[in-house]
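What follows is the content of run.pdb, which has PDB, N, CA and C atoms:
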```pdb
ATOM      1  N   MET A  30       7.831   5.634   4.264
ATOM      2  CA  MET A  30       8.234   4.311   4.698
ATOM      3  C   MET A  30       9.623   3.952   4.170
ATOM      4  N   GLY A  31       9.985   4.475   3.023
ATOM      5  CA  GLY A  31      11.276   4.144   2.432
ATOM      6  C   GLY A  31      11.199   2.898   1.575
ATOM      7  N   GLU A  32      12.333   2.431   1.088
ATOM      8  CA  GLU A  32      12.401   1.246   0.236
ATOM      9  C   GLU A  32      11.541   1.397  -1.017
ATOM     10  N   GLY A  33      11.328   2.643  -1.477
ATOM     11  CA  GLY A  33      10.514   2.883  -2.661
ATOM     12  C   GLY A  33       9.020   2.831  -2.413
ATOM     13  N   VAL A  34       8.605   2.873  -1.132
ATOM     14  CA  VAL A  34       7.197   2.729  -0.758
ATOM     15  C   VAL A  34       6.730   3.944   0.038
ATOM     16  N   ALA A  35       5.500   4.387  -0.252
ATOM     17  CA  ALA A  35       4.846   5.426   0.551
ATOM     18  C   ALA A  35       3.415   4.978   0.817
ATOM     19  N   ILE A  36       2.942   5.235   2.030
ATOM     20  CA  ILE A  36       1.573   4.886   2.401
ATOM     21  C   ILE A  36       0.906   6.132   2.984
ATOM     22  N   PRO A  37       0.528   7.078   2.113
ATOM     23  CA  PRO A  37      -0.200   8.241   2.627
ATOM     24  C   PRO A  37      -1.547   7.788   3.176
ATOM     25  N   HIS A  38      -1.955   8.373   4.294
ATOM     26  CA  HIS A  38      -3.185   7.913   4.945
ATOM     27  C   HIS A  38      -3.812   9.033   5.768
ATOM     28  N   GLY A  39      -5.086   8.875   6.034
ATOM     29  CA  GLY A  39      -5.764   9.856   6.859
ATOM     30  C   GLY A  39      -7.239   9.557   7.013
ATOM     31  N   LYS A  40      -7.890  10.397   7.799
ATOM     32  CA  LYS A  40      -9.326  10.282   8.057
ATOM     33  C   LYS A  40     -10.045  11.392   7.301
ATOM     34  N   VAL A  41     -11.221  11.061   6.769
ATOM     35  CA  VAL A  41     -11.988  12.011   5.967
ATOM     36  C   VAL A  41     -13.404  12.105   6.513
ATOM     37  N   ASP A  42     -13.820  13.308   6.831
ATOM     38  CA  ASP A  42     -15.177  13.541   7.300
ATOM     39  C   ASP A  42     -16.169  13.267   6.168
ATOM     40  N   GLY A  43     -17.256  12.577   6.479
ATOM     41  CA  GLY A  43     -18.288  12.293   5.495
ATOM     42  C   GLY A  43     -18.087  10.995   4.735
ATOM     43  N   LEU A  44     -16.963  10.372   4.883
ATOM     44  CA  LEU A  44     -16.708   9.089   4.237
ATOM     45  C   LEU A  44     -17.417   8.005   5.027
ATOM     46  N   ASP A  45     -18.000   7.014   4.336
ATOM     47  CA  ASP A  45     -18.751   5.988   5.058
ATOM     48  C   ASP A  45     -18.043   4.635   5.137
ATOM     49  N   ARG A  46     -16.872   4.518   4.498
ATOM     50  CA  ARG A  46     -16.138   3.248   4.553
ATOM     51  C   ARG A  46     -14.663   3.484   4.238
ATOM     52  N   LEU A  47     -13.847   2.507   4.512
ATOM     53  CA  LEU A  47     -12.431   2.563   4.181
ATOM     54  C   LEU A  47     -12.283   2.566   2.667
ATOM     55  N   VAL A  48     -11.383   3.398   2.170
ATOM     56  CA  VAL A  48     -11.084   3.452   0.740
ATOM     57  C   VAL A  48      -9.577   3.339   0.580
ATOM     58  N   ALA A  49      -9.165   2.493  -0.356
ATOM     59  CA  ALA A  49      -7.737   2.305  -0.614
ATOM     60  C   ALA A  49      -7.481   2.392  -2.108
ATOM     61  N   ALA A  50      -6.309   2.856  -2.455
ATOM     62  CA  ALA A  50      -5.904   2.928  -3.856
ATOM     63  C   ALA A  50      -4.412   2.611  -3.935
ATOM     64  N   PHE A  51      -4.023   1.964  -5.016
ATOM     65  CA  PHE A  51      -2.623   1.613  -5.231
ATOM     66  C   PHE A  51      -2.156   2.270  -6.520
ATOM     67  N   ALA A  52      -0.932   2.762  -6.523
ATOM     68  CA  ALA A  52      -0.333   3.328  -7.730
ATOM     69  C   ALA A  52       1.126   2.901  -7.799
ATOM     70  N   ARG A  53       1.605   2.762  -9.020
ATOM     71  CA  ARG A  53       3.003   2.384  -9.236
ATOM     72  C   ARG A  53       3.614   3.345 -10.241
ATOM     73  N   SER A  54       4.810   3.799  -9.959
ATOM     74  CA  SER A  54       5.552   4.671 -10.863
ATOM     75  C   SER A  54       6.850   3.968 -11.238
ATOM     76  N   THR A  55       7.043   3.709 -12.514
ATOM     77  CA  THR A  55       8.266   3.014 -12.923
ATOM     78  C   THR A  55       9.504   3.878 -12.741
ATOM     79  N   THR A  56       9.347   5.193 -12.850
ATOM     80  CA  THR A  56      10.505   6.081 -12.686
ATOM     81  C   THR A  56      10.667   6.566 -11.252
ATOM     82  N   GLY A  57       9.591   6.517 -10.478
ATOM     83  CA  GLY A  57       9.636   6.984  -9.098
ATOM     84  C   GLY A  57       9.308   8.456  -8.995
ATOM     85  N   VAL A  58       8.773   8.841  -7.851
ATOM     86  CA  VAL A  58       8.433  10.240  -7.585
ATOM     87  C   VAL A  58       9.090  10.662  -6.268
ATOM     88  N   ASP A  59       9.366  11.942  -6.166
ATOM     89  CA  ASP A  59       9.948  12.464  -4.933
ATOM     90  C   ASP A  59       8.828  12.585  -3.907
ATOM     91  N   PHE A  60       8.857  11.741  -2.908
ATOM     92  CA  PHE A  60       7.816  11.732  -1.882
ATOM     93  C   PHE A  60       8.424  12.043  -0.529
ATOM     94  N   ASP A  61       9.609  12.666  -0.548
ATOM     95  CA  ASP A  61      10.306  13.032   0.681
ATOM     96  C   ASP A  61      10.450  11.829   1.622
ATOM     97  N   SER A  62      10.885  10.713   1.045
ATOM     98  CA  SER A  62      11.003   9.476   1.822
ATOM     99  C   SER A  62      12.131   9.550   2.838
ATOM    100  N   ILE A  63      12.051   8.715   3.853
ATOM    101  CA  ILE A  63      13.055   8.749   4.922
ATOM    102  C   ILE A  63      14.442   8.334   4.443
ATOM    103  N   ASP A  64      14.497   7.519   3.362
ATOM    104  CA  ASP A  64      15.795   7.099   2.852
ATOM    105  C   ASP A  64      16.245   7.928   1.645
ATOM    106  N   GLY A  65      15.433   8.920   1.251
ATOM    107  CA  GLY A  65      15.803   9.795   0.151
ATOM    108  C   GLY A  65      15.634   9.193  -1.231
ATOM    109  N   GLN A  66      15.161   7.963  -1.302
ATOM    110  CA  GLN A  66      14.988   7.288  -2.586
ATOM    111  C   GLN A  66      13.636   7.637  -3.210
ATOM    112  N   PRO A  67      13.541   7.596  -4.551
ATOM    113  CA  PRO A  67      12.258   7.858  -5.200
ATOM    114  C   PRO A  67      11.227   6.802  -4.806
ATOM    115  N   THR A  68       9.992   7.223  -4.698
ATOM    116  CA  THR A  68       8.901   6.312  -4.347
ATOM    117  C   THR A  68       8.305   5.740  -5.621
ATOM    118  N   GLN A  69       8.248   4.418  -5.678
ATOM    119  CA  GLN A  69       7.675   3.737  -6.841
ATOM    120  C   GLN A  69       6.335   3.085  -6.529
ATOM    121  N   LEU A  70       6.113   2.732  -5.275
ATOM    122  CA  LEU A  70       4.881   2.057  -4.876
ATOM    123  C   LEU A  70       4.148   2.918  -3.852
ATOM    124  N   LEU A  71       2.930   3.315  -4.187
ATOM    125  CA  LEU A  71       2.126   4.154  -3.290
ATOM    126  C   LEU A  71       0.822   3.442  -2.985
ATOM    127  N   PHE A  72       0.468   3.412  -1.732
ATOM    128  CA  PHE A  72      -0.791   2.812  -1.305
ATOM    129  C   PHE A  72      -1.513   3.839  -0.448
ATOM    130  N   LEU A  73      -2.556   4.447  -1.013
ATOM    131  CA  LEU A  73      -3.333   5.461  -0.314
ATOM    132  C   LEU A  73      -4.417   4.796   0.517
ATOM    133  N   LEU A  74      -4.562   5.237   1.742
ATOM    134  CA  LEU A  74      -5.570   4.687   2.649
ATOM    135  C   LEU A  74      -6.303   5.829   3.328
ATOM    136  N   VAL A  75      -7.622   5.905   3.121
ATOM    137  CA  VAL A  75      -8.432   6.890   3.830
ATOM    138  C   VAL A  75      -9.604   6.174   4.490
ATOM    139  N   VAL A  76      -9.948   6.647   5.671
ATOM    140  CA  VAL A  76     -11.015   6.022   6.448
ATOM    141  C   VAL A  76     -11.953   7.121   6.972
ATOM    142  N   PRO A  77     -13.171   6.721   7.376
ATOM    143  CA  PRO A  77     -14.089   7.712   7.949
ATOM    144  C   PRO A  77     -13.485   8.374   9.194
ATOM    145  N   GLU A  78     -13.877   9.604   9.424
ATOM    146  CA  GLU A  78     -13.377  10.369  10.569
ATOM    147  C   GLU A  78     -13.557   9.620  11.887
ATOM    148  N   GLN A  79     -14.654   8.928  12.054
ATOM    149  CA  GLN A  79     -14.978   8.216  13.301
ATOM    150  C   GLN A  79     -14.605   6.732  13.252
ATOM    151  N   SER A  80     -13.572   6.376  12.512
ATOM    152  CA  SER A  80     -13.266   4.956  12.307
ATOM    153  C   SER A  80     -12.591   4.276  13.490
ATOM    154  N   GLY A  81     -12.099   5.002  14.435
ATOM    155  CA  GLY A  81     -11.438   4.394  15.581
ATOM    156  C   GLY A  81     -10.183   3.641  15.176
ATOM    157  N   GLY A  82     -10.094   2.387  15.599
ATOM    158  CA  GLY A  82      -8.912   1.575  15.350
ATOM    159  C   GLY A  82      -8.810   1.005  13.955
ATOM    160  N   GLN A  83      -9.870   1.114  13.150
ATOM    161  CA  GLN A  83      -9.858   0.565  11.793
ATOM    162  C   GLN A  83      -8.689   1.134  10.987
ATOM    163  N   HIS A  84      -8.462   2.394  11.131
ATOM    164  CA  HIS A  84      -7.394   3.084  10.414
ATOM    165  C   HIS A  84      -6.032   2.486  10.744
ATOM    166  N   LEU A  85      -5.768   2.322  12.030
ATOM    167  CA  LEU A  85      -4.465   1.804  12.455
ATOM    168  C   LEU A  85      -4.273   0.344  12.094
ATOM    169  N   LYS A  86      -5.332  -0.450  12.187
ATOM    170  CA  LYS A  86      -5.241  -1.867  11.810
ATOM    171  C   LYS A  86      -4.930  -2.022  10.328
ATOM    172  N   ALA A  87      -5.623  -1.267   9.496
ATOM    173  CA  ALA A  87      -5.392  -1.338   8.050
ATOM    174  C   ALA A  87      -3.984  -0.853   7.713
ATOM    175  N   LEU A  88      -3.556   0.227   8.317
ATOM    176  CA  LEU A  88      -2.222   0.759   8.080
ATOM    177  C   LEU A  88      -1.141  -0.236   8.486
ATOM    178  N   ALA A  89      -1.318  -0.883   9.628
ATOM    179  CA  ALA A  89      -0.344  -1.877  10.089
ATOM    180  C   ALA A  89      -0.261  -3.059   9.131
ATOM    181  N   ARG A  90      -1.406  -3.509   8.648
ATOM    182  CA  ARG A  90      -1.430  -4.650   7.725
ATOM    183  C   ARG A  90      -0.725  -4.308   6.420
ATOM    184  N   ILE A  91      -1.040  -3.141   5.866
ATOM    185  CA  ILE A  91      -0.418  -2.720   4.618
ATOM    186  C   ILE A  91       1.089  -2.548   4.807
ATOM    187  N   SER A  92       1.488  -1.975   5.916
ATOM    188  CA  SER A  92       2.920  -1.804   6.205
ATOM    189  C   SER A  92       3.638  -3.141   6.233
ATOM    190  N   ARG A  93       3.000  -4.150   6.832
ATOM    191  CA  ARG A  93       3.591  -5.495   6.864
ATOM    192  C   ARG A  93       3.817  -6.037   5.463
ATOM    193  N   PHE A  94       2.838  -5.836   4.586
ATOM    194  CA  PHE A  94       2.970  -6.307   3.204
ATOM    195  C   PHE A  94       4.244  -5.765   2.576
ATOM    196  N   PHE A  95       4.440  -4.444   2.705
ATOM    197  CA  PHE A  95       5.518  -3.787   1.991
ATOM    198  C   PHE A  95       6.891  -3.978   2.628
ATOM    199  N   ARG A  96       6.952  -4.546   3.812
ATOM    200  CA  ARG A  96       8.253  -4.871   4.406
ATOM    201  C   ARG A  96       8.924  -6.027   3.670
ATOM    202  N   ASP A  97       8.130  -6.834   2.978
ATOM    203  CA  ASP A  97       8.633  -8.009   2.259
ATOM    204  C   ASP A  97       9.190  -7.583   0.893
ATOM    205  N   ALA A  98      10.507  -7.707   0.725
ATOM    206  CA  ALA A  98      11.151  -7.290  -0.524
ATOM    207  C   ALA A  98      10.618  -8.051  -1.725
ATOM    208  N   SER A  99      10.298  -9.335  -1.565
ATOM    209  CA  SER A  99       9.790 -10.107  -2.702
ATOM    210  C   SER A  99       8.406  -9.616  -3.126
ATOM    211  N   PHE A 100       7.596  -9.150  -2.180
ATOM    212  CA  PHE A 100       6.291  -8.587  -2.510
ATOM    213  C   PHE A 100       6.472  -7.297  -3.313
ATOM    214  N   ARG A 101       7.378  -6.447  -2.860
ATOM    215  CA  ARG A 101       7.639  -5.205  -3.592
ATOM    216  C   ARG A 101       8.101  -5.502  -5.016
ATOM    217  N   GLU A 102       8.961  -6.484  -5.154
ATOM    218  CA  GLU A 102       9.453  -6.859  -6.483
ATOM    219  C   GLU A 102       8.330  -7.395  -7.372
ATOM    220  N   LYS A 103       7.410  -8.164  -6.794
ATOM    221  CA  LYS A 103       6.269  -8.660  -7.573
ATOM    222  C   LYS A 103       5.449  -7.496  -8.113
ATOM    223  N   LEU A 104       5.205  -6.499  -7.278
ATOM    224  CA  LEU A 104       4.424  -5.349  -7.722
ATOM    225  C   LEU A 104       5.165  -4.550  -8.783
ATOM    226  N   LEU A 105       6.450  -4.376  -8.607
ATOM    227  CA  LEU A 105       7.230  -3.621  -9.591
ATOM    228  C   LEU A 105       7.333  -4.356 -10.918
ATOM    229  N   GLY A 106       7.358  -5.678 -10.864
ATOM    230  CA  GLY A 106       7.510  -6.474 -12.081
ATOM    231  C   GLY A 106       6.208  -6.860 -12.753
ATOM    232  N   ALA A 107       5.090  -6.592 -12.121
ATOM    233  CA  ALA A 107       3.790  -6.983 -12.682
ATOM    234  C   ALA A 107       3.568  -6.284 -14.027
ATOM    235  N   THR A 108       3.022  -7.030 -14.966
ATOM    236  CA  THR A 108       2.801  -6.477 -16.303
ATOM    237  C   THR A 108       1.361  -6.051 -16.546
ATOM    238  N   ASP A 109       0.464  -6.400 -15.625
ATOM    239  CA  ASP A 109      -0.927  -5.975 -15.775
ATOM    240  C   ASP A 109      -1.616  -5.948 -14.411
ATOM    241  N   LEU A 110      -2.840  -5.435 -14.390
ATOM    242  CA  LEU A 110      -3.584  -5.317 -13.127
ATOM    243  C   LEU A 110      -3.853  -6.669 -12.490
ATOM    244  N   GLU A 111      -4.089  -7.679 -13.293
ATOM    245  CA  GLU A 111      -4.359  -9.013 -12.746
ATOM    246  C   GLU A 111      -3.192  -9.503 -11.893
ATOM    247  N   GLU A 112      -1.976  -9.282 -12.354
ATOM    248  CA  GLU A 112      -0.799  -9.683 -11.578
ATOM    249  C   GLU A 112      -0.703  -8.891 -10.276
ATOM    250  N   ILE A 113      -1.021  -7.614 -10.338
ATOM    251  CA  ILE A 113      -0.979  -6.778  -9.136
ATOM    252  C   ILE A 113      -2.010  -7.266  -8.123
ATOM    253  N   PHE A 114      -3.248  -7.487  -8.578
ATOM    254  CA  PHE A 114      -4.298  -7.984  -7.675
ATOM    255  C   PHE A 114      -3.918  -9.334  -7.084
ATOM    256  N   ARG A 115      -3.374 -10.212  -7.922
ATOM    257  CA  ARG A 115      -2.982 -11.545  -7.446
ATOM    258  C   ARG A 115      -1.891 -11.430  -6.371
ATOM    259  N   ALA A 116      -0.909 -10.582  -6.602
ATOM    260  CA  ALA A 116       0.178 -10.404  -5.626
ATOM    261  C   ALA A 116      -0.366  -9.893  -4.300
ATOM    262  N   ILE A 117      -1.285  -8.936  -4.357
ATOM    263  CA  ILE A 117      -1.874  -8.394  -3.126
ATOM    264  C   ILE A 117      -2.707  -9.446  -2.413
ATOM    265  N   GLU A 118      -3.505 -10.204  -3.157
ATOM    266  CA  GLU A 118      -4.317 -11.264  -2.551
ATOM    267  C   GLU A 118      -3.451 -12.338  -1.913
ATOM    268  N   GLU A 119      -2.371 -12.730  -2.576
ATOM    269  CA  GLU A 119      -1.470 -13.742  -2.030
ATOM    270  C   GLU A 119      -0.807 -13.252  -0.744
ATOM    271  N   GLU A 120      -0.389 -11.993  -0.755
ATOM    272  CA  GLU A 120       0.249 -11.439   0.447
ATOM    273  C   GLU A 120      -0.754 -11.351   1.581
ATOM    274  N   ASP A 121      -1.964 -10.935   1.273
ATOM    275  CA  ASP A 121      -3.020 -10.827   2.294
ATOM    276  C   ASP A 121      -3.340 -12.181   2.909
ATOM    277  N   ALA A 122      -3.290 -13.238   2.110
ATOM    278  CA  ALA A 122      -3.603 -14.591   2.608
ATOM    279  C   ALA A 122      -2.577 -15.092   3.615
ATOM    280  N   LYS A 123      -1.399 -14.497   3.644
ATOM    281  CA  LYS A 123      -0.346 -14.911   4.586
ATOM    282  C   LYS A 123      -0.672 -14.484   6.014
ATOM    283  N   PHE A 124      -1.559 -13.502   6.180
ATOM    284  CA  PHE A 124      -1.811 -12.940   7.517
ATOM    285  C   PHE A 124      -3.167 -13.316   8.026
TER     286      PHE A 124
END
```
Mind turning the file's structure into structure tokens?
Amino acid sequence: MGEGVAIPHGKVDGLDRLVAAFARSTTGVDFDSIDGQPTQLLFLLVVPEQSGGQHLKALARISRFFRDASFREKLLGATDLEEIFRAIEEEDAKF
């Protein structure tokens, strides 16, 4: 995605529900981003093999979150998990 963000995603056989995970790297990792910049914010999304449109809807929503520079800054500046959860909940409430 660029801008220090990566959203790896896919479908997994045998999974019974959507699973998401968030990770932050203060130094950044080489994730072969489109802008060549290190990735600091990663949001993994996996869904059941037969999920249909659920996968695309979740991916679109998460992508919208990370387009907002102030949201990215909140996640990068968060000092604990509570701040990260709060930032995600606040962003989710906008949609």
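Backbone DSSP assigns strand (DSSP E or B) in segment 40-102 of chain A to Lys40, Val41, Val48, Ala49, Ala50, Phe51, Ala52, Arg53, Ser54, Thr55, Thr56, Gly57, Val58, Thr68, Gln69, Leu70, Leu71, Phe72, Leu73, Leu74, Val75, Val76 and Pro77 of chain A.
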Just the selected residues (N, CA and C atoms), exported as a PDB file, keeping the file's coordinate frame, please.
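again.pdb was written with the following content:
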```pdb
ATOM      1  N   LYS A  40      -7.890  10.397   7.799  1.00  0.00           N
ATOM      2  CA  LYS A  40      -9.326  10.282   8.057  1.00  0.00           C
ATOM      3  C   LYS A  40     -10.045  11.392   7.301  1.00  0.00           C
ATOM      4  N   VAL A  41     -11.221  11.061   6.769  1.00  0.00           N
ATOM      5  CA  VAL A  41     -11.988  12.011   5.967  1.00  0.00           C
ATOM      6  C   VAL A  41     -13.404  12.105   6.513  1.00  0.00           C
ATOM      7  N   VAL A  48     -11.383   3.398   2.170  1.00  0.00           N
ATOM      8  CA  VAL A  48     -11.084   3.452   0.740  1.00  0.00           C
ATOM      9  C   VAL A  48      -9.577   3.339   0.580  1.00  0.00           C
ATOM     10  N   ALA A  49      -9.165   2.493  -0.356  1.00  0.00           N
ATOM     11  CA  ALA A  49      -7.737   2.305  -0.614  1.00  0.00           C
ATOM     12  C   ALA A  49      -7.481   2.392  -2.108  1.00  0.00           C
ATOM     13  N   ALA A  50      -6.309   2.856  -2.455  1.00  0.00           N
ATOM     14  CA  ALA A  50      -5.904   2.928  -3.856  1.00  0.00           C
ATOM     15  C   ALA A  50      -4.412   2.611  -3.935  1.00  0.00           C
ATOM     16  N   PHE A  51      -4.023   1.964  -5.016  1.00  0.00           N
ATOM     17  CA  PHE A  51      -2.623   1.613  -5.231  1.00  0.00           C
ATOM     18  C   PHE A  51      -2.156   2.270  -6.520  1.00  0.00           C
ATOM     19  N   ALA A  52      -0.932   2.762  -6.523  1.00  0.00           N
ATOM     20  CA  ALA A  52      -0.333   3.328  -7.730  1.00  0.00           C
ATOM     21  C   ALA A  52       1.126   2.901  -7.799  1.00  0.00           C
ATOM     22  N   ARG A  53       1.605   2.762  -9.020  1.00  0.00           N
ATOM     23  CA  ARG A  53       3.003   2.384  -9.236  1.00  0.00           C
ATOM     24  C   ARG A  53       3.614   3.345 -10.241  1.00  0.00           C
ATOM     25  N   SER A  54       4.810   3.799  -9.959  1.00  0.00           N
ATOM     26  CA  SER A  54       5.552   4.671 -10.863  1.00  0.00           C
ATOM     27  C   SER A  54       6.850   3.968 -11.238  1.00  0.00           C
ATOM     28  N   THR A  55       7.043   3.709 -12.514  1.00  0.00           N
ATOM     29  CA  THR A  55       8.266   3.014 -12.923  1.00  0.00           C
ATOM     30  C   THR A  55       9.504   3.878 -12.741  1.00  0.00           C
ATOM     31  N   THR A  56       9.347   5.193 -12.850  1.00  0.00           N
ATOM     32  CA  THR A  56      10.505   6.081 -12.686  1.00  0.00           C
ATOM     33  C   THR A  56      10.667   6.566 -11.252  1.00  0.00           C
ATOM     34  N   GLY A  57       9.591   6.517 -10.478  1.00  0.00           N
ATOM     35  CA  GLY A  57       9.636   6.984  -9.098  1.00  0.00           C
ATOM     36  C   GLY A  57       9.308   8.456  -8.995  1.00  0.00           C
ATOM     37  N   VAL A  58       8.773   8.841  -7.851  1.00  0.00           N
ATOM     38  CA  VAL A  58       8.433  10.240  -7.585  1.00  0.00           C
ATOM     39  C   VAL A  58       9.090  10.662  -6.268  1.00  0.00           C
ATOM     40  N   THR A  68       9.992   7.223  -4.698  1.00  0.00           N
ATOM     41  CA  THR A  68       8.901   6.312  -4.347  1.00  0.00           C
ATOM     42  C   THR A  68       8.305   5.740  -5.621  1.00  0.00           C
ATOM     43  N   GLN A  69       8.248   4.418  -5.678  1.00  0.00           N
ATOM     44  CA  GLN A  69       7.675   3.737  -6.841  1.00  0.00           C
ATOM     45  C   GLN A  69       6.335   3.085  -6.529  1.00  0.00           C
ATOM     46  N   LEU A  70       6.113   2.732  -5.275  1.00  0.00           N
ATOM     47  CA  LEU A  70       4.881   2.057  -4.876  1.00  0.00           C
ATOM     48  C   LEU A  70       4.148   2.918  -3.852  1.00  0.00           C
ATOM     49  N   LEU A  71       2.930   3.315  -4.187  1.00  0.00           N
ATOM     50  CA  LEU A  71       2.126   4.154  -3.290  1.00  0.00           C
ATOM     51  C   LEU A  71       0.822   3.442  -2.985  1.00  0.00           C
ATOM     52  N   PHE A  72       0.468   3.412  -1.732  1.00  0.00           N
ATOM     53  CA  PHE A  72      -0.791   2.812  -1.305  1.00  0.00           C
ATOM     54  C   PHE A  72      -1.513   3.839  -0.448  1.00  0.00           C
ATOM     55  N   LEU A  73      -2.556   4.447  -1.013  1.00  0.00           N
ATOM     56  CA  LEU A  73      -3.333   5.461  -0.314  1.00  0.00           C
ATOM     57  C   LEU A  73      -4.417   4.796   0.517  1.00  0.00           C
ATOM     58  N   LEU A  74      -4.562   5.237   1.742  1.00  0.00           N
ATOM     59  CA  LEU A  74      -5.570   4.687   2.649  1.00  0.00           C
ATOM     60  C   LEU A  74      -6.303   5.829   3.328  1.00  0.00           C
ATOM     61  N   VAL A  75      -7.622   5.905   3.121  1.00  0.00           N
ATOM     62  CA  VAL A  75      -8.432   6.890   3.830  1.00  0.00           C
ATOM     63  C   VAL A  75      -9.604   6.174   4.490  1.00  0.00           C
ATOM     64  N   VAL A  76      -9.948   6.647   5.671  1.00  0.00           N
ATOM     65  CA  VAL A  76     -11.015   6.022   6.448  1.00  0.00           C
ATOM     66  C   VAL A  76     -11.953   7.121   6.972  1.00  0.00           C
ATOM     67  N   PRO A  77     -13.171   6.721   7.376  1.00  0.00           N
ATOM     68  CA  PRO A  77     -14.089   7.712   7.949  1.00  0.00           C
ATOM     69  C   PRO A  77     -13.485   8.374   9.194  1.00  0.00           C
TER      70      PRO A  77
END
```
Quick one: what's the axis-aligned box for segment 59-70 of chain A, all listed atoms, 8 Å on every side, centre and edges in Å to one decimal, as JSON?
```
{"center_x": 10.2, "center_y": 7.5, "center_z": -1.0, "size_x": 28.1, "size_y": 27.0, "size_z": 27.8}
```
Pull out every residue that the PyMOL selection byres ((chain A and resi 74-77) around 5) matches in the shown coordinates and put them as a tab-separated table (two decimals) with N, CA and C atoms, keeping the file's coordinate frame.
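Generated file (out.tsv):
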```
chain	number	residue	atom	x	y	z
A	37	PRO	N	0.53	7.08	2.11
A	37	PRO	CA	-0.20	8.24	2.63
A	37	PRO	C	-1.55	7.79	3.18
A	38	HIS	N	-1.96	8.37	4.29
A	38	HIS	CA	-3.18	7.91	4.94
A	38	HIS	C	-3.81	9.03	5.77
A	39	GLY	N	-5.09	8.88	6.03
A	39	GLY	CA	-5.76	9.86	6.86
A	39	GLY	C	-7.24	9.56	7.01
A	40	LYS	N	-7.89	10.40	7.80
A	40	LYS	CA	-9.33	10.28	8.06
A	40	LYS	C	-10.04	11.39	7.30
A	41	VAL	N	-11.22	11.06	6.77
A	41	VAL	CA	-11.99	12.01	5.97
A	41	VAL	C	-13.40	12.10	6.51
A	44	LEU	N	-16.96	10.37	4.88
A	44	LEU	CA	-16.71	9.09	4.24
A	44	LEU	C	-17.42	8.01	5.03
A	46	ARG	N	-16.87	4.52	4.50
A	46	ARG	CA	-16.14	3.25	4.55
A	46	ARG	C	-14.66	3.48	4.24
A	47	LEU	N	-13.85	2.51	4.51
A	47	LEU	CA	-12.43	2.56	4.18
A	47	LEU	C	-12.28	2.57	2.67
A	48	VAL	N	-11.38	3.40	2.17
A	48	VAL	CA	-11.08	3.45	0.74
A	48	VAL	C	-9.58	3.34	0.58
A	49	ALA	N	-9.16	2.49	-0.36
A	49	ALA	CA	-7.74	2.31	-0.61
A	49	ALA	C	-7.48	2.39	-2.11
A	72	PHE	N	0.47	3.41	-1.73
A	72	PHE	CA	-0.79	2.81	-1.30
A	72	PHE	C	-1.51	3.84	-0.45
A	73	LEU	N	-2.56	4.45	-1.01
A	73	LEU	CA	-3.33	5.46	-0.31
A	73	LEU	C	-4.42	4.80	0.52
A	78	GLU	N	-13.88	9.60	9.42
A	78	GLU	CA	-13.38	10.37	10.57
A	78	GLU	C	-13.56	9.62	11.89
A	79	GLN	N	-14.65	8.93	12.05
A	79	GLN	CA	-14.98	8.22	13.30
A	79	GLN	C	-14.60	6.73	13.25
A	80	SER	N	-13.57	6.38	12.51
A	80	SER	CA	-13.27	4.96	12.31
A	80	SER	C	-12.59	4.28	13.49
```
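Closest to Thr55 of chain A among A:Gly31, A:Leu70, A:Asp42, A:Glu102 is A:Leu70, based on only N, CA and C atoms.
Distances here use all atoms listed in the file; by that measure, the residue among A:Ala98, A:Leu105, A:Ile36, A:Ile91 closest to Ser54 of chain A is A:Leu105.
Pairwise distance (atom N of Ala87 of chain A, atom CA of Glu120 of chain A) equals 14.8 Å.
Atom C of Gly33 of chain A lies 13.1 Å from atom N of Arg93 of chain A.
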For this session: Starting from the displayed file, determine the output of the PyMOL selection byres (((chain A and resi 68 and name CA) around 6) and name CA) and express the residue list as an NGL selection string.
Result: :A and (33-34 or 57-58 or 67 or 69-70)
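The spacing separating atom C of Leu71 of chain A from atom C of Ala122 of chain A amounts to 20.0 Å.
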Problem set entry | Residues within 8 Å of Phe100 of chain A, all atoms listed in the file, excluding chain neighbours under 5 positions, as an NGL selection string | :A and (94-95 or 105-106 or 116-117 or 120)
Those selected residues, please, written with N, CA and C atoms and delivered as an mmCIF file, in the coordinates of the input.
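Saved to out.cif:
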```
data_model
loop_
_atom_site.group_PDB
_atom_site.id
_atom_site.type_symbol
_atom_site.label_atom_id
_atom_site.label_comp_id
_atom_site.auth_asym_id
_atom_site.auth_seq_id
_atom_site.Cartn_x
_atom_site.Cartn_y
_atom_site.Cartn_z
ATOM 1 N N PHE A 94 2.838 -5.836 4.586
ATOM 2 C CA PHE A 94 2.970 -6.307 3.204
ATOM 3 C C PHE A 94 4.244 -5.765 2.576
ATOM 4 N N PHE A 95 4.440 -4.444 2.705
ATOM 5 C CA PHE A 95 5.518 -3.787 1.991
ATOM 6 C C PHE A 95 6.891 -3.978 2.628
ATOM 7 N N LEU A 105 6.450 -4.376 -8.607
ATOM 8 C CA LEU A 105 7.230 -3.621 -9.591
ATOM 9 C C LEU A 105 7.333 -4.356 -10.918
ATOM 10 N N GLY A 106 7.358 -5.678 -10.864
ATOM 11 C CA GLY A 106 7.510 -6.474 -12.081
ATOM 12 C C GLY A 106 6.208 -6.860 -12.753
ATOM 13 N N ALA A 116 -0.909 -10.582 -6.602
ATOM 14 C CA ALA A 116 0.178 -10.404 -5.626
ATOM 15 C C ALA A 116 -0.366 -9.893 -4.300
ATOM 16 N N ILE A 117 -1.285 -8.936 -4.357
ATOM 17 C CA ILE A 117 -1.874 -8.394 -3.126
ATOM 18 C C ILE A 117 -2.707 -9.446 -2.413
ATOM 19 N N GLU A 120 -0.389 -11.993 -0.755
ATOM 20 C CA GLU A 120 0.249 -11.439 0.447
ATOM 21 C C GLU A 120 -0.754 -11.351 1.581
#
```
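If you measure from each of A:Asp109, A:Glu32, A:Leu85, A:Ala50 to Asp64 of chain A using only N, CA and C atoms, the closest one turns out to be A:Glu32.
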For this session: Select from chain A everything DSSP, run on the backbone, classes as helix (DSSP H, G or I), then give the selection as a count of residues only.
Result: 36
